[in-house]
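Remarks on the structure that follows.
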Amino acid sequence: MAKNKTEQATKAAGASATATTSKDLNAKTKAIANKSFVSNQISLVTQLVNTYTTTTPQLLRLIDAYLAAVMVSGIIQFVYVVVVGTFPYNSFLSGFAASVGAFVLAANLRMQLNPKNDFYSLTPEGAFAEFVFCSLVFYGFVVNFLG
Amino acid sequence: MGTAKTAADAVWLRVVILVTIGILAVSSRLFSVIRFESVIHEFDPWFNYRSTMHLVNKGFYEFLNWFDDFSWYPLGRVVGGTVYPGIMITAGAAHWIMNKLNFPVDIRNVCVFLAPFFSAFTAVACYLLTTEIKDASAGLLAAAFIGIAPGYISRSVAGSYDNEGIAIFLLMITFYCWLKAFKLGSSLWGGLTALFYFYMVSAWGGYVFIINLIPLHVFALLLMGRFSARLYVSYSTFYVIGTLSSMEIPFVGFQPTWTSEHMAALGVFGLVQIVAFVEMIRSHLSAQEFKSLFHGLIAAIGAAGVAGVVALVASGKIAPFTGRFYSLWDTGYAKKYIPIIASVSEHQPTAWPSFFFDLQLLMPLFPAGIYFCFQELRDEHVFIILYAVTGSYFASVMVRLILTLTPCVCIASAFAISKILDIYIAPPKDIPNDEEYDATANTKDKKIERSKTISFGIHEIDTRLSVLIPMTLVLVLFAWHCTWVTSNAYSSPSIVLASQGRDGSQHIIDDFREAYYWLRQNSAPNDKILSWWDYGYQITGMANRTVLVDNNTWNNTHIATVGKAMSCSEDVSYPVMRRHDVKFVLVIFGAVLGYSGDDINKFLWMVRIGEGVYPNDVNERKFFTDRGEYRVDESATPTMKNSIMYKASYYRFHELYGPNGSPYDRVRNQAIPKKPISLHIMDEAFTSENFIVRIYQVKDLDNLGRSLNAAASFGKTKRKKRISAKPVAVGKHRNIDEDED
């Protein structure tokens with residue numbers, strides 16, 4: 001995410017020009033085909049970021065920020081283990097699993113809250129209640145496994 | 001079925017039917033208690049019972065830290081870390097709750113009746129699961145089937161206090177939660193799936209089936225292009241919570257992070273994450289853009305992931321498959337490399353009649369149900385199909401895994417039968433006006449019309465009856481068969497045997513408990529008993545004495561040592577026994593009564609396992625005659641005749657038949673030589689009423705430092721001649737042995 005944001009800053013001017021109408025998109029993709037592969041991909045990513053920022057509700061972006069933070073914490077733990085060693089293996093596992101689990105549970109919440117997904121009869125409150133239930137169970141196991 | 005006037009009526013009807021099925025399921029498992037008594041059966045249950053006693057008497061933490069010095073002498077066994085504690089904790093909790101409610105139930109009765117009660121819960125779980133697959137009427141049929149199917153009863157009769165007793169319930173309820181979770185896309189149900197999975201992990205090693213079947217289901221749905229946010233939510237929740245919780249069972253430990261059995265689940269978890277991420281990106285781009293992006297970045301991410309997994313496998317971070325696992329793929333594997341696994345009869349490949357014996361009617365209906373699953377092929381039907389395929393495979397590789405297949409067979413058959421009954425019993429308009437039902441009701445209408453036209457003008461009632469009457473008959477026969485099998489094949493406690501006299505009277509053969517009780521009364525508390533591992537749990541449980549090996553076959557070398565002690569000659573075995581402080585040797589001998597599960601029949605396994613570790617002392621070939629026969633009569637090989645097992649089994653056997661009788665082995669149908677067997681290193685200490693259990697006391701070292709062989713033959717040359725002339729003198733021979741004691 002962070003990397004995407006820097007790219008977004010550099011290409012802000014170009015990205016703002018991209019419109020969501022299909023005509024423009026066709027023109028855009030034709031133009032893309034002519035460019036070199038790498039710049040092609042970069043512009044696509046830029047466009048991705050752009051549609052993301054324009055179409056995603058505030059709530060979901062908040063969750064995304066949390067997801068990114070949790071992911072970073074997981075990566076840090078993984079790097080630590082690779083560099084230093086796995087000695088209290090259960091502590092590492094529960095810490096790392098806590099990151100993965102927090103990520104997954106929040107991602108679940110995000111999917112359930114996303115208006116694009118049609119979860120029937122699941123209100124935002126209901127989704128949050130499920131999130132709380134799973135988190136309680138999950139962190140219970142995490143704490144028990146820390147050792 | 002579904003014909004009640006209002007929904008509320010139908011609910012009560014269902015509850016009543018389910019309760020009735022539950023009562024039926026419990027009561028048809030009580031044959032053994034009624035016929036014999038409330039007693040723990042077989043072998044493994046005795047250990048479970050003993051550890052439950054420990055749990056109840058000493059408390060939970062003492063149980064987790066329990067070091068059992070009564071088994072595997074001199075090694076001992078760390079029970080807390082080598083046992084699935086689920087069933088003990090369940091029974092302990094049930095006992096505790098009942099006592100708190102002022103029902104002073106004995107822990108033995110809790111253990112005896114645990115499996116039957118859980119079979120009632122299994123019926124309910126099966127009902128719920130089948131309701132997800134089809135509808136409530138199919139669910140009730142499935143519940144009735146699982147309640148009486150012999151394939152499941154074989155493991156859950158009263159007294160069969162084993163892990164499978166509660167594990168099948170947990171299997172079904174976990175699957176039910178799983179279907180519910182991904183149908184609703186609910187992380188709540190996903191969490192419940194994980195919790196039941198946790199319970200299952202604590203209860204039975206068969207949890208590996210769940211952790212492979214559910215990922216397989218997810219993977220199949222992915223391949224079918226049926227990925228959805230629901231799938232992501234349910235599977236991720238299940239995997240994350242389930243895996244972490246499973247690692248909290250000491251016996252499982254870190255296995256989910258490094259054994260191959262658990263890698264499929266991890267791989268699918270990673271795959272689901274990637275697919276979900278890709279889907280998210282796709283939702284932000286047009287199709288054309290997504291395609292060009294996919295070829296670049298996303299393919300690169302995927303390739304990196306695959307490369308990572310391959311690197312882990314190659315570097316040995318992920319362990320190779322274990323032997324027990326290989327034996328699931330290559331049925332000959334265990335026989336070649338791990339005789340200890342192959343020696344267990346329930347690990348043998350299944351003979352096809354046992355499918356029909358255990359499932360009868362359900363067996364031909366099973367494919368029909370699967371066919372209907374294919375016809376509808378909703379996501380949950382894919383699950384049942386996968387369950388059927390994998391379950392059938394495993395059931396045909398290993399006899400005891402018919403158990404895991406049985407619920408699936410019940411569900412599929414209930415599906416098939418309920419389809420037929422739907423068409424031929426209920427008028428189409430009576431089907432409840434549900435969305436799903438509507439869809440099926442339409443097709444049913446058509447089918448009835450079609451069957452009308454095919455039946456060439458036969459009135460509708462005839463058509464119906466011509467199908468319904470045979471169906472009812474077949475179902476009645478099925479119930480009949482189930483009861484018969486339960487009563488005749490699966491209700492024997494195996495520690496108490498019964499034989500029927502010619503007039504139909506029952507004769508109880510209680511040799512095992514007689515002998516174990518003798519040991520309990522007549523041996524010192526710290527005496528060590530040598531017996532084949534089959535009887536280890538029973539000896540520690542009933543005789544309360546230390547054994548060298550038991551049914552927890554974790555140490556092959558130790559078992560091989562016992563095998564060597566049993567299959568070698570006296571001079572070789574005696575030092576082995578001395579080194580292991582053996583005081584008593586216990587053998588099971590069925591020749592008098594015709595009890596075929598005795599040690600002479602198991603002897604070849606002892607030889608094979610012994611040979612695996614001590615090839616210099618034991619050689620399997622030498623136990624066969626030149627013509628390659630396994631004989632115990634006159635033509636038995638010298639190695640066979642000199643082995644401790646042979647001597648201990650047939651020692652003084654001929655005396656039973658008197659001076660003029662001809663001793664005859666009723667198990668192997670061979671005449672036993674009348675020549676008395678000389679036994680120098682042990683004394684016969686006890687032989688049970690029907691000769692089934694024979695216990696020998698190992699002699700101390702000779703006072704003068706001679707070998708016991710030399711001591712016994714000292715000054716005997718003359719007497720020996722007399723013995724061959726007069727069998728009566730054998731009594732004297734025995735007295736001399738006792739003098740030395």
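FYI, nothing fancy with the structure tokens labels: chains A, B, ... in order, residues from 1 per chain, ligands from 1 as they appear.
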
Taking only C-alpha atoms into account, which residues of chain B are within 6 Å of chain A, as a PDB file with C-alpha atoms, in the first residue's frame?
ATOM      1  CA  SER B 187     -17.206 -15.893  10.250  1.00  0.00           C
ATOM      2  CA  LEU B 188     -19.302 -16.810  13.285  1.00  0.00           C
ATOM      3  CA  GLY B 191     -15.305 -19.833  14.203  1.00  0.00           C
ATOM      4  CA  VAL B 233     -14.563 -15.577   4.950  1.00  0.00           C
ATOM      5  CA  VAL B 240      -6.597 -19.503  11.191  1.00  0.00           C
ATOM      6  CA  ILE B 241      -8.459 -20.356  14.364  1.00  0.00           C
ATOM      7  CA  SER B 245      -6.095 -24.199  18.321  1.00  0.00           C
TER       8      SER B 245
END

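Taking only stretch 532-571 of chain B, the residues that DSSP calls helix (DSSP H, G or I) from the backbone come to B:Trp533, B:Asp534, B:Tyr535, B:Gly536, B:Tyr537, B:Gln538, B:Ile539, B:Thr540, B:Gly541, B:Met542, B:Ala543, B:Asn556, B:Thr557, B:His558, B:Ile559, B:Ala560, B:Thr561, B:Val562, B:Gly563, B:Lys564, B:Ala565, B:Met566, B:Ser567, B:Glu570, B:Asp571.
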
Point to revise | Selection near A:Phe96, 7 Å with only C-alpha atoms, sequence-local residues under 4 positions removed, as a PyMOL selection string | key: chain A and resi 74+77+92+100

Check your understanding: What's the 7 Å shell around B:Ser160, counting only C-alpha atoms, without same-chain residues fewer than 2 positions away, as a PyMOL selection string?
Key -> chain B and resi 40-41+45+112+115+155-158+162

For the selection just defined, write its residues with N, CA, C and O atoms to a file, as a PDB file, in the first residue's frame.
ATOM      1  N   ILE B  40     -16.006 -52.219  30.502  1.00  0.00           N
ATOM      2  CA  ILE B  40     -15.230 -51.637  29.406  1.00  0.00           C
ATOM      3  C   ILE B  40     -14.755 -52.751  28.479  1.00  0.00           C
ATOM      4  O   ILE B  40     -14.308 -53.796  28.944  1.00  0.00           O
ATOM      5  N   HIS B  41     -14.826 -52.524  27.180  1.00  0.00           N
ATOM      6  CA  HIS B  41     -14.525 -53.574  26.208  1.00  0.00           C
ATOM      7  C   HIS B  41     -13.067 -53.535  25.749  1.00  0.00           C
ATOM      8  O   HIS B  41     -12.374 -52.561  25.938  1.00  0.00           O
ATOM      9  N   PRO B  45      -9.914 -49.134  24.956  1.00  0.00           N
ATOM     10  CA  PRO B  45     -10.791 -48.528  25.962  1.00  0.00           C
ATOM     11  C   PRO B  45     -10.280 -48.698  27.383  1.00  0.00           C
ATOM     12  O   PRO B  45     -10.536 -47.842  28.229  1.00  0.00           O
ATOM     13  N   VAL B 112     -18.777 -46.237  30.067  1.00  0.00           N
ATOM     14  CA  VAL B 112     -19.436 -47.284  29.287  1.00  0.00           C
ATOM     15  C   VAL B 112     -20.511 -46.694  28.391  1.00  0.00           C
ATOM     16  O   VAL B 112     -20.648 -47.063  27.225  1.00  0.00           O
ATOM     17  N   ALA B 115     -20.237 -43.552  24.544  1.00  0.00           N
ATOM     18  CA  ALA B 115     -20.345 -43.716  23.090  1.00  0.00           C
ATOM     19  C   ALA B 115     -21.796 -43.831  22.617  1.00  0.00           C
ATOM     20  O   ALA B 115     -22.162 -43.186  21.633  1.00  0.00           O
ATOM     21  N   ARG B 155     -18.145 -49.317  16.412  1.00  0.00           N
ATOM     22  CA  ARG B 155     -17.212 -48.542  17.219  1.00  0.00           C
ATOM     23  C   ARG B 155     -17.886 -47.808  18.355  1.00  0.00           C
ATOM     24  O   ARG B 155     -17.255 -46.988  19.006  1.00  0.00           O
ATOM     25  N   SER B 156     -19.156 -47.996  18.538  1.00  0.00           N
ATOM     26  CA  SER B 156     -19.816 -47.147  19.535  1.00  0.00           C
ATOM     27  C   SER B 156     -20.806 -47.917  20.387  1.00  0.00           C
ATOM     28  O   SER B 156     -21.734 -47.315  20.904  1.00  0.00           O
ATOM     29  N   VAL B 157     -20.635 -49.236  20.538  1.00  0.00           N
ATOM     30  CA  VAL B 157     -21.530 -49.938  21.454  1.00  0.00           C
ATOM     31  C   VAL B 157     -21.166 -49.560  22.882  1.00  0.00           C
ATOM     32  O   VAL B 157     -20.066 -49.079  23.150  1.00  0.00           O
ATOM     33  N   ALA B 158     -22.101 -49.789  23.780  1.00  0.00           N
ATOM     34  CA  ALA B 158     -21.844 -49.455  25.179  1.00  0.00           C
ATOM     35  C   ALA B 158     -20.627 -50.231  25.655  1.00  0.00           C
ATOM     36  O   ALA B 158     -20.530 -51.428  25.442  1.00  0.00           O
ATOM     37  N   ASP B 162     -13.909 -45.613  23.257  1.00  0.00           N
ATOM     38  CA  ASP B 162     -12.745 -45.263  22.452  1.00  0.00           C
ATOM     39  C   ASP B 162     -12.964 -43.925  21.759  1.00  0.00           C
ATOM     40  O   ASP B 162     -14.078 -43.426  21.669  1.00  0.00           O
TER      41      ASP B 162
END

Point to revise | Residue neighbourhood stretch 553-558 of chain B, 9 Å, only C-alpha atoms, exclusion window fewer than 3 positions, as an NGL selection string | key: :B and (72 or 340-341 or 533 or 548-550 or 561-563 or 609-610 or 612-613)

Check your understanding: What does the distance between atom CA of B:Val39 and atom CA of B:Met542 come to in Å, to one decimal place?
Key -> 11.3 Å
